[in-house]
Structures are given as C-alpha cells and as structure tokens.
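Notes to accompany the following structure.
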Amino acid sequence: NIYGDGIAERSVVEMTAEIRRGNSGGPLGIAPGVVGGVVFGASRTAPQVGYAIGSDQALERLGPSIGSTTPVGTGACL
C-alpha cells in the first residue's frame, strides 16, 4: 500500500483517456447513466492512459455510508 505497511490488492481499470488534475474521484462512464468505476490517476509515462477502481470495489467501501449525514474524519486513503 502507499504507506508501506502491507499489501493492498485492487482491481484496476486501465483506460485510454486523458486524465487531468482534478479528475480524481470522478466517474468512469461506460454507458449513458452507467458508472463503471472511479478515476484515481493518470500514467506518468503515457499521456493518454488513465486508471480507475471498478465501481464494485468503490461501492464495497462507500456503500455503507451512502445516505449518512454524520460527519466523519478524512482518515487514510483507500
């Protein structure tokens, strides 16, 4: 993981797309009204390559909080 304290396995979607600063956290649209993932980064060596986490994995972590209005801390990155 990014903290160097273990292994974090994730399925990552690699896509041909120009990802710009500020796109992180945005949706990866796969059809009108259908989100297939959450954009998290761009390739540092190939300008037309971007990365996303599949929507199933995002929903697994975020689903329990949908609709919650209780404030929470930002915590560590997923």
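We name chains A, B, ... following the order of the structure tokens; residues begin at 1 in each chain, and ligands are numbered from 1 as shown.
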Considering only C-alpha atoms, return as number ranges by chain whatever protein or nucleic-acid residues lie within 6 Å of region 41-51 of chain A, sequence-local ones (same chain, fewer than 4 positions apart) excluded.
A: 13-19
Strand (DSSP E or B) positions in chain A, given as a list in words:
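For chain A, the strand (DSSP E or B) set is Val12, Val13, Glu14, Met15, Thr16, Pro27, Leu28, Gly29, Ile30, Ala31, Val34, Val35, Gly36, Gly37, Val38, Val39, Phe40, Gly41, Ala42, Val49, Gly50, Tyr51, Ala52, Ile53 and Gly54 of chain A.
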Nearby residues (only C-alpha atoms) at most 12 Å from Val12 (chain A), same-chain spacing under 4 positions excluded, as a PyMOL selection string
chain A and resi 8+28+36-41+50-58
Per-residue DSSP, chain A, filtered to alpha helix (DSSP H), as a PyMOL selection string
chain A and resi 55-62
Keeping only all heavy atoms, take the residues you just selected and write them out as an mmCIF file, in the first residue's frame.
```cif
data_model
loop_
_atom_site.group_PDB
_atom_site.id
_atom_site.type_symbol
_atom_site.label_atom_id
_atom_site.label_comp_id
_atom_site.auth_asym_id
_atom_site.auth_seq_id
_atom_site.Cartn_x
_atom_site.Cartn_y
_atom_site.Cartn_z
ATOM 1 N N SER A 55 -16.325 0.108 -10.090
ATOM 2 C CA SER A 55 -17.411 0.594 -9.237
ATOM 3 C C SER A 55 -17.794 -0.411 -8.170
ATOM 4 O O SER A 55 -18.219 -0.031 -7.082
ATOM 5 C CB SER A 55 -18.629 0.964 -10.088
ATOM 6 O OG SER A 55 -19.074 -0.153 -10.821
ATOM 7 N N ASP A 56 -17.610 -1.712 -8.432
ATOM 8 C CA ASP A 56 -17.932 -2.715 -7.424
ATOM 9 C C ASP A 56 -17.055 -2.557 -6.193
ATOM 10 O O ASP A 56 -17.524 -2.649 -5.058
ATOM 11 C CB ASP A 56 -17.821 -4.132 -7.995
ATOM 12 C CG ASP A 56 -16.445 -4.457 -8.541
ATOM 13 O OD1 ASP A 56 -15.707 -3.533 -8.956
ATOM 14 O OD2 ASP A 56 -16.101 -5.655 -8.576
ATOM 15 N N GLN A 57 -15.770 -2.269 -6.406
ATOM 16 C CA GLN A 57 -14.862 -2.086 -5.270
ATOM 17 C C GLN A 57 -15.140 -0.781 -4.540
ATOM 18 O O GLN A 57 -15.071 -0.721 -3.307
ATOM 19 C CB GLN A 57 -13.414 -2.110 -5.747
ATOM 20 C CG GLN A 57 -13.009 -3.503 -6.190
ATOM 21 C CD GLN A 57 -11.549 -3.563 -6.492
ATOM 22 O OE1 GLN A 57 -10.715 -3.121 -5.697
ATOM 23 N NE2 GLN A 57 -11.217 -4.105 -7.648
ATOM 24 N N ALA A 58 -15.450 0.258 -5.281
ATOM 25 C CA ALA A 58 -15.775 1.538 -4.639
ATOM 26 C C ALA A 58 -17.040 1.398 -3.806
ATOM 27 O O ALA A 58 -17.103 1.861 -2.660
ATOM 28 C CB ALA A 58 -15.940 2.634 -5.692
ATOM 29 N N LEU A 59 -18.044 0.741 -4.361
ATOM 30 C CA LEU A 59 -19.307 0.568 -3.644
ATOM 31 C C LEU A 59 -19.133 -0.280 -2.391
ATOM 32 O O LEU A 59 -19.762 -0.030 -1.360
ATOM 33 C CB LEU A 59 -20.359 -0.058 -4.561
ATOM 34 C CG LEU A 59 -21.772 -0.116 -4.004
ATOM 35 C CD1 LEU A 59 -22.267 1.282 -3.639
ATOM 36 C CD2 LEU A 59 -22.715 -0.750 -5.019
ATOM 37 N N GLU A 60 -18.237 -1.262 -2.456
ATOM 38 C CA GLU A 60 -17.964 -2.108 -1.289
ATOM 39 C C GLU A 60 -17.505 -1.275 -0.098
ATOM 40 O O GLU A 60 -17.902 -1.507 1.035
ATOM 41 C CB GLU A 60 -16.881 -3.128 -1.666
ATOM 42 C CG GLU A 60 -16.518 -4.096 -0.569
ATOM 43 C CD GLU A 60 -15.423 -5.049 -1.036
ATOM 44 O OE1 GLU A 60 -15.591 -5.669 -2.098
ATOM 45 O OE2 GLU A 60 -14.404 -5.154 -0.326
ATOM 46 N N ARG A 61 -16.654 -0.264 -0.376
ATOM 47 C CA ARG A 61 -16.136 0.585 0.708
ATOM 48 C C ARG A 61 -17.065 1.743 1.049
ATOM 49 O O ARG A 61 -17.177 2.148 2.204
ATOM 50 C CB ARG A 61 -14.774 1.148 0.316
ATOM 51 C CG ARG A 61 -13.674 0.128 0.169
ATOM 52 C CD ARG A 61 -13.317 -0.551 1.481
ATOM 53 N NE ARG A 61 -12.765 0.319 2.480
ATOM 54 C CZ ARG A 61 -11.496 0.465 2.736
ATOM 55 N NH1 ARG A 61 -10.605 -0.190 2.061
ATOM 56 N NH2 ARG A 61 -11.110 1.304 3.671
ATOM 57 N N LEU A 62 -17.715 2.304 0.027
ATOM 58 C CA LEU A 62 -18.522 3.505 0.230
ATOM 59 C C LEU A 62 -19.993 3.216 0.492
ATOM 60 O O LEU A 62 -20.681 4.032 1.100
ATOM 61 C CB LEU A 62 -18.410 4.419 -0.991
ATOM 62 C CG LEU A 62 -17.002 4.875 -1.340
ATOM 63 C CD1 LEU A 62 -16.999 5.627 -2.660
ATOM 64 C CD2 LEU A 62 -16.422 5.718 -0.231
#
```
